[in-house]
file final.csv (CSV, C-alpha atoms)
chain,number,residue,atom,x,y,z
H,578,MET,CA,95.6,114.7,114.8
H,579,ARG,CA,97.9,111.8,115.8
H,580,ILE,CA,95.9,111.1,119.0
H,581,ALA,CA,92.6,111.1,117.1
H,582,GLN,CA,94.0,108.8,114.4
H,583,SER,CA,95.5,106.6,117.1
H,584,ARG,CA,92.1,106.3,118.8
H,585,SER,CA,90.4,105.3,115.5
H,586,ILE,CA,93.1,102.6,115.0
H,587,MET,CA,92.6,101.4,118.6
H,588,ARG,CA,88.8,101.1,118.1
H,589,THR,CA,89.4,99.0,115.0
H,590,LEU,CA,91.8,96.7,116.9
H,591,LEU,CA,89.5,96.3,119.8
H,592,SER,CA,86.7,95.2,117.5
H,593,ARG,CA,88.8,92.5,115.8
H,594,LYS,CA,88.1,88.9,116.8
H,595,GLU,CA,91.8,88.2,117.2
H,596,PHE,CA,92.0,90.8,119.9
H,597,GLN,CA,88.8,89.8,121.6
H,598,ALA,CA,89.8,86.1,121.7
H,599,ALA,CA,93.3,86.8,123.2
H,600,ASP,CA,94.0,86.5,126.9
H,601,LYS,CA,97.6,87.6,127.0
H,602,VAL,CA,98.5,90.4,124.7
H,603,LEU,CA,101.9,91.9,123.9
H,604,ILE,CA,101.6,95.6,123.1
H,605,TYR,CA,104.5,97.9,122.3
H,606,LEU,CA,105.0,101.1,124.3
H,607,SER,CA,104.7,103.8,121.7
H,608,LYS,CA,107.2,106.6,121.3
H,609,GLU,CA,106.9,109.9,119.4
H,610,GLY,CA,105.6,109.5,115.9
H,611,GLU,CA,104.1,106.1,116.4
H,612,VAL,CA,100.5,105.1,116.8
H,613,ASP,CA,99.8,105.9,120.5
H,614,THR,CA,99.3,102.7,122.5
H,615,ASP,CA,98.8,104.2,126.0
H,616,ASN,CA,95.0,104.2,125.7
H,617,LEU,CA,95.2,100.7,124.3
H,618,LEU,CA,97.0,99.5,127.4
H,619,ASP,CA,94.3,101.0,129.6
H,620,ARG,CA,91.5,99.5,127.5
H,621,ALA,CA,93.1,96.0,127.5
H,622,PHE,CA,93.3,96.0,131.3
H,623,GLU,CA,89.6,97.2,131.4
H,624,LEU,CA,88.7,94.3,129.2
H,625,GLY,CA,90.4,91.8,131.5
H,626,LYS,CA,93.4,91.1,129.3
H,627,ARG,CA,96.8,90.2,130.7
H,628,VAL,CA,99.0,92.9,129.2
H,629,CYS,CA,102.6,92.4,128.4
H,630,VAL,CA,105.2,94.8,127.0
H,631,PRO,CA,108.6,94.2,125.3
H,632,VAL,CA,111.8,94.9,127.2
H,633,VAL,CA,115.2,94.9,125.5
H,634,ASP,CA,117.7,92.6,127.0
H,635,ARG,CA,121.0,94.0,125.9
H,636,GLU,CA,123.1,91.1,127.2
H,637,LYS,CA,121.2,88.6,125.1
H,638,ASP,CA,120.5,91.1,122.4
H,639,GLU,CA,116.8,90.2,122.3
H,640,LEU,CA,113.3,91.3,123.3
H,641,ARG,CA,111.9,89.8,126.4
H,642,VAL,CA,108.3,89.9,127.5
H,643,SER,CA,107.2,91.5,130.8
H,644,GLU,CA,103.7,91.2,132.1
H,645,LEU,CA,102.4,94.5,133.6
H,646,PRO,CA,100.9,94.2,137.1
H,647,GLY,CA,98.2,96.8,136.2
H,648,PRO,CA,97.5,100.0,134.4
H,649,GLU,CA,99.1,102.3,137.0
H,650,ILE,CA,102.8,101.7,136.8
H,651,ASP,CA,105.8,103.9,136.3
H,652,PHE,CA,107.9,103.5,133.2
H,653,ARG,CA,111.6,104.4,132.7
H,654,LEU,CA,113.4,105.2,129.5
H,655,GLY,CA,115.1,102.0,128.3
H,656,ALA,CA,117.2,101.0,125.4
H,657,PHE,CA,116.8,103.1,122.2
H,658,GLY,CA,114.6,105.6,123.9
H,659,VAL,CA,111.7,103.2,124.4
H,660,ARG,CA,109.8,103.1,127.6
H,661,GLU,CA,110.0,100.0,129.8
H,662,PRO,CA,108.5,99.1,133.1
H,663,ALA,CA,110.5,100.2,136.1
H,664,GLU,CA,112.8,97.6,137.6
H,665,GLU,CA,110.3,96.7,140.4
H,666,ASP,CA,107.5,96.1,137.9
H,667,LEU,CA,109.4,93.7,135.7
H,668,ASN,CA,107.7,90.3,135.5
H,669,PHE,CA,109.2,88.3,132.7
H,670,VAL,CA,107.1,85.6,131.2
H,671,PRO,CA,107.9,83.0,128.4
H,672,SER,CA,107.1,84.4,125.0
H,673,ASP,CA,105.2,81.2,124.2
H,674,GLN,CA,102.4,82.4,126.5
H,675,ILE,CA,101.5,85.3,124.2
H,676,ASP,CA,98.2,85.1,122.3
H,677,LEU,CA,98.5,88.2,120.2
H,678,VAL,CA,101.3,90.7,119.4
H,679,VAL,CA,100.8,94.4,118.5
H,680,VAL,CA,103.8,95.3,116.4
H,681,PRO,CA,105.4,98.7,115.7
H,682,GLY,CA,107.2,99.7,112.6
H,683,LEU,CA,108.4,102.5,110.4
H,684,ALA,CA,106.8,101.3,107.2
H,685,PHE,CA,104.7,98.4,105.9
H,686,ASP,CA,103.4,97.0,102.6
H,687,ARG,CA,100.0,95.4,101.9
H,688,ARG,CA,101.5,91.9,101.9
H,689,GLY,CA,102.6,92.3,105.5
H,690,GLY,CA,106.1,93.3,104.9
H,691,ARG,CA,107.5,95.5,107.7
H,692,ILE,CA,110.5,97.8,108.2
H,693,GLY,CA,111.4,98.0,111.8
H,694,TYR,CA,114.1,100.1,113.5
H,695,GLY,CA,117.0,98.1,112.1
H,696,LYS,CA,118.1,95.9,115.0
H,697,GLY,CA,115.9,92.9,114.2
H,698,TYR,CA,114.5,92.6,117.8
H,699,TYR,CA,110.9,92.2,116.8
H,700,ASP,CA,111.7,89.7,113.9
H,701,ARG,CA,113.7,87.5,116.4
H,702,LEU,CA,110.8,87.7,118.9
H,703,LEU,CA,108.2,86.9,116.3
H,704,SER,CA,110.2,84.0,115.1
H,705,ARG,CA,110.1,82.5,118.6
H,706,LEU,CA,106.3,82.6,118.8
H,707,ASP,CA,103.9,79.9,117.6
H,708,SER,CA,103.0,80.7,114.0
H,709,ARG,CA,99.3,80.8,114.9
H,710,VAL,CA,99.8,83.9,117.2
H,711,PRO,CA,98.3,86.9,115.3
H,712,ARG,CA,100.8,89.6,114.5
H,713,ILE,CA,98.9,92.9,114.2
H,714,ALA,CA,100.7,96.1,113.1
H,715,LEU,CA,99.3,99.6,114.0
H,716,ALA,CA,100.3,102.3,111.5
H,717,PHE,CA,99.3,105.6,110.1
H,718,ASP,CA,98.1,105.5,106.5
H,719,PHE,CA,101.2,107.4,105.2
H,720,GLN,CA,103.4,104.5,106.5
H,721,ILE,CA,101.9,102.0,104.0
H,722,LEU,CA,104.0,101.7,100.9
H,723,ASP,CA,103.7,99.6,97.7
H,724,THR,CA,106.6,97.4,98.8
H,725,VAL,CA,109.2,97.4,101.5
H,726,PRO,CA,112.5,95.5,101.2
H,727,GLN,CA,112.5,92.2,102.9
H,728,ASN,CA,115.1,89.4,103.6
H,729,GLU,CA,114.8,85.9,104.9
H,730,SER,CA,115.0,86.9,108.5
H,731,ASP,CA,112.1,89.4,108.3
H,732,ILE,CA,108.8,88.2,109.7
H,733,GLN,CA,105.6,89.5,108.2
H,734,VAL,CA,102.6,90.8,110.0
H,735,ASP,CA,99.1,89.3,109.5
H,736,ILE,CA,97.0,92.4,109.8
H,737,ILE,CA,97.8,96.1,109.4
H,738,ILE,CA,95.4,98.6,110.9
H,739,THR,CA,95.5,102.3,109.9
H,740,GLU,CA,93.1,105.1,110.5
H,741,LYS,CA,91.7,104.6,106.9
H,742,SER,CA,91.8,100.8,106.4
H,743,THR,CA,92.5,97.3,107.7
H,744,MET,CA,94.6,95.0,105.6
H,745,ASP,CA,94.5,91.2,106.1
H,746,CYS,CA,97.9,90.0,104.8
H,747,PRO,CA,98.2,86.5,103.5
H,748,ARG,CA,101.1,84.6,105.0
H,749,LEU,CA,103.7,83.5,102.5
call {"tool": "encode", "arguments": {"input": "final.csv", "output": "structure tokens"}}
result
Amino acid sequence: MRIAQSRSIMRTLLSRKEFQAADKVLIYLSKEGEVDTDNLLDRAFELGKRVCVPVVDREKDELRVSELPGPEIDFRLGAFGVREPAEEDLNFVPSDQIDLVVVPGLAFDRRGGRIGYGKGYYDRLLSRLDSRVPRIALAFDFQILDTVPQNESDIQVDIIITEKSTMDCPRL
């Protein structure tokens, strides 16, 4: 069920003008329970996108952006149980080169509010990007709530795509 729903969500993302116009995309590496992004990585490469993934830098306590050399690489288990490229495949690039960010989360609201995993890594990364860079969340419909608690350091997403709907969220 999760894989079929993930494919439906991926098809919607691939059809969006924001994705089609982007050259360098940052896509999270999914873990259990999240919308699966493995097929999305493959499709992005097939479409000629430059694909980047987030890597936790524990020394700086931030997410860094690593461009993948291609679709056939090995991943290791990194911080917080999230897959990351193996050491030999790390190729860090400035975050200001990113044209689109695919964002994970535990829960979202229709205004673009997001609850992450509690460390603030994505909020800090998103705050470093140009405000024009589209921030697209992939979620299952059950993850959409009426409201999620937000504070001044939380960064909203612009679009939320589920297997049942797509929400364009106005920036506040």
call {"tool": "atom_distance", "arguments": {"input": "final.csv", "atom1": "atom CA of H:Leu683", "atom2": "atom CA of H:Val630"}}
result
18.6 Å
call {"tool": "closest_residue", "arguments": {"input": "final.csv", "among": "H:Thr739, H:Ser730, H:Ser607, H:Gln720", "to": "H:Arg588", "atoms": "only C-alpha atoms"}}
result
H:Thr739
call {"tool": "atom_distance", "arguments": {"input": "final.csv", "atom1": "atom CA of H:Glu639", "atom2": "atom CA of H:Asp613"}}
result
23.2 Å
call {"tool": "closest_residue", "arguments": {"input": "final.csv", "among": "H:Asn728, H:Gln674, H:Ser742, H:Gln733", "to": "H:Asp600", "atoms": "all atoms listed in the file"}}
result
H:Gln674
call {"tool": "closest_residue", "arguments": {"input": "final.csv", "among": "H:Pro646, H:Pro681, H:Gly658, H:Pro711", "to": "H:Tyr698", "atoms": "all atoms listed in the file"}}
result
H:Pro681
call {"tool": "atom_distance", "arguments": {"input": "final.csv", "atom1": "atom CA of H:Glu665", "atom2": "atom CA of H:Leu617"}}
result
22.4 Å
call {"tool": "closest_residue", "arguments": {"input": "final.csv", "among": "H:Ile738, H:Ile604, H:Ile721, H:Leu624", "to": "H:Leu645", "atoms": "only C-alpha atoms"}}
result
H:Ile604
call {"tool": "residues_around", "arguments": {"input": "final.csv", "residues": "H:Cys746", "least_positions_apart": "6", "cutoff": "12 Å", "atoms": "all atoms listed in the file", "output": "list in words"}}
result
Phe685, Asp686, Arg687, Arg688, Gly689, Gly690, Arg691, Pro711, Arg712, Ile713, Ala714, Gln733, Val734, Asp735, Ile736, Ile737 and Ile738 of chain H
call {"tool": "closest_residue", "arguments": {"input": "final.csv", "among": "H:Leu591, H:Leu606, H:Val659, H:Leu702", "to": "H:Asp673", "atoms": "all atoms listed in the file"}}
result
H:Leu702
call {"tool": "residues_around", "arguments": {"input": "final.csv", "residues": "H:Asp676", "least_positions_apart": "5", "cutoff": "9 Å", "atoms": "all atoms listed in the file", "output": "ChimeraX atom specification"}}
result
/H:595-596,598-603,709-711
call {"tool": "residues_around", "arguments": {"input": "final.csv", "residues": "H:Phe669", "least_positions_apart": "6", "cutoff": "9 Å", "atoms": "all atoms listed in the file", "output": "JSON list (two decimals) with C-alpha atoms, in the coordinates of the input"}}
result
[["chain", "number", "residue", "atom", "x", "y", "z"],
["H", 629, "CYS", "CA", 102.60, 92.40, 128.40],
["H", 632, "VAL", "CA", 111.80, 94.90, 127.20],
["H", 641, "ARG", "CA", 111.90, 89.80, 126.40],
["H", 642, "VAL", "CA", 108.30, 89.90, 127.50],
["H", 643, "SER", "CA", 107.20, 91.50, 130.80],
["H", 644, "GLU", "CA", 103.70, 91.20, 132.10]]
call {"tool": "closest_residue", "arguments": {"input": "final.csv", "among": "H:Asp718, H:Glu729, H:Asp638, H:Asp723", "to": "H:Lys741", "atoms": "all atoms listed in the file"}}
result
H:Asp718
call {"tool": "residues_near_point", "arguments": {"input": "final.csv", "point": "(106.0, 81.3, 110.1)", "cutoff": "9 Å", "atoms": "only C-alpha atoms", "output": "JSON, numbers by chain"}}
result
{"H": [703, 704, 706, 707, 708, 709, 732, 733, 748, 749]}
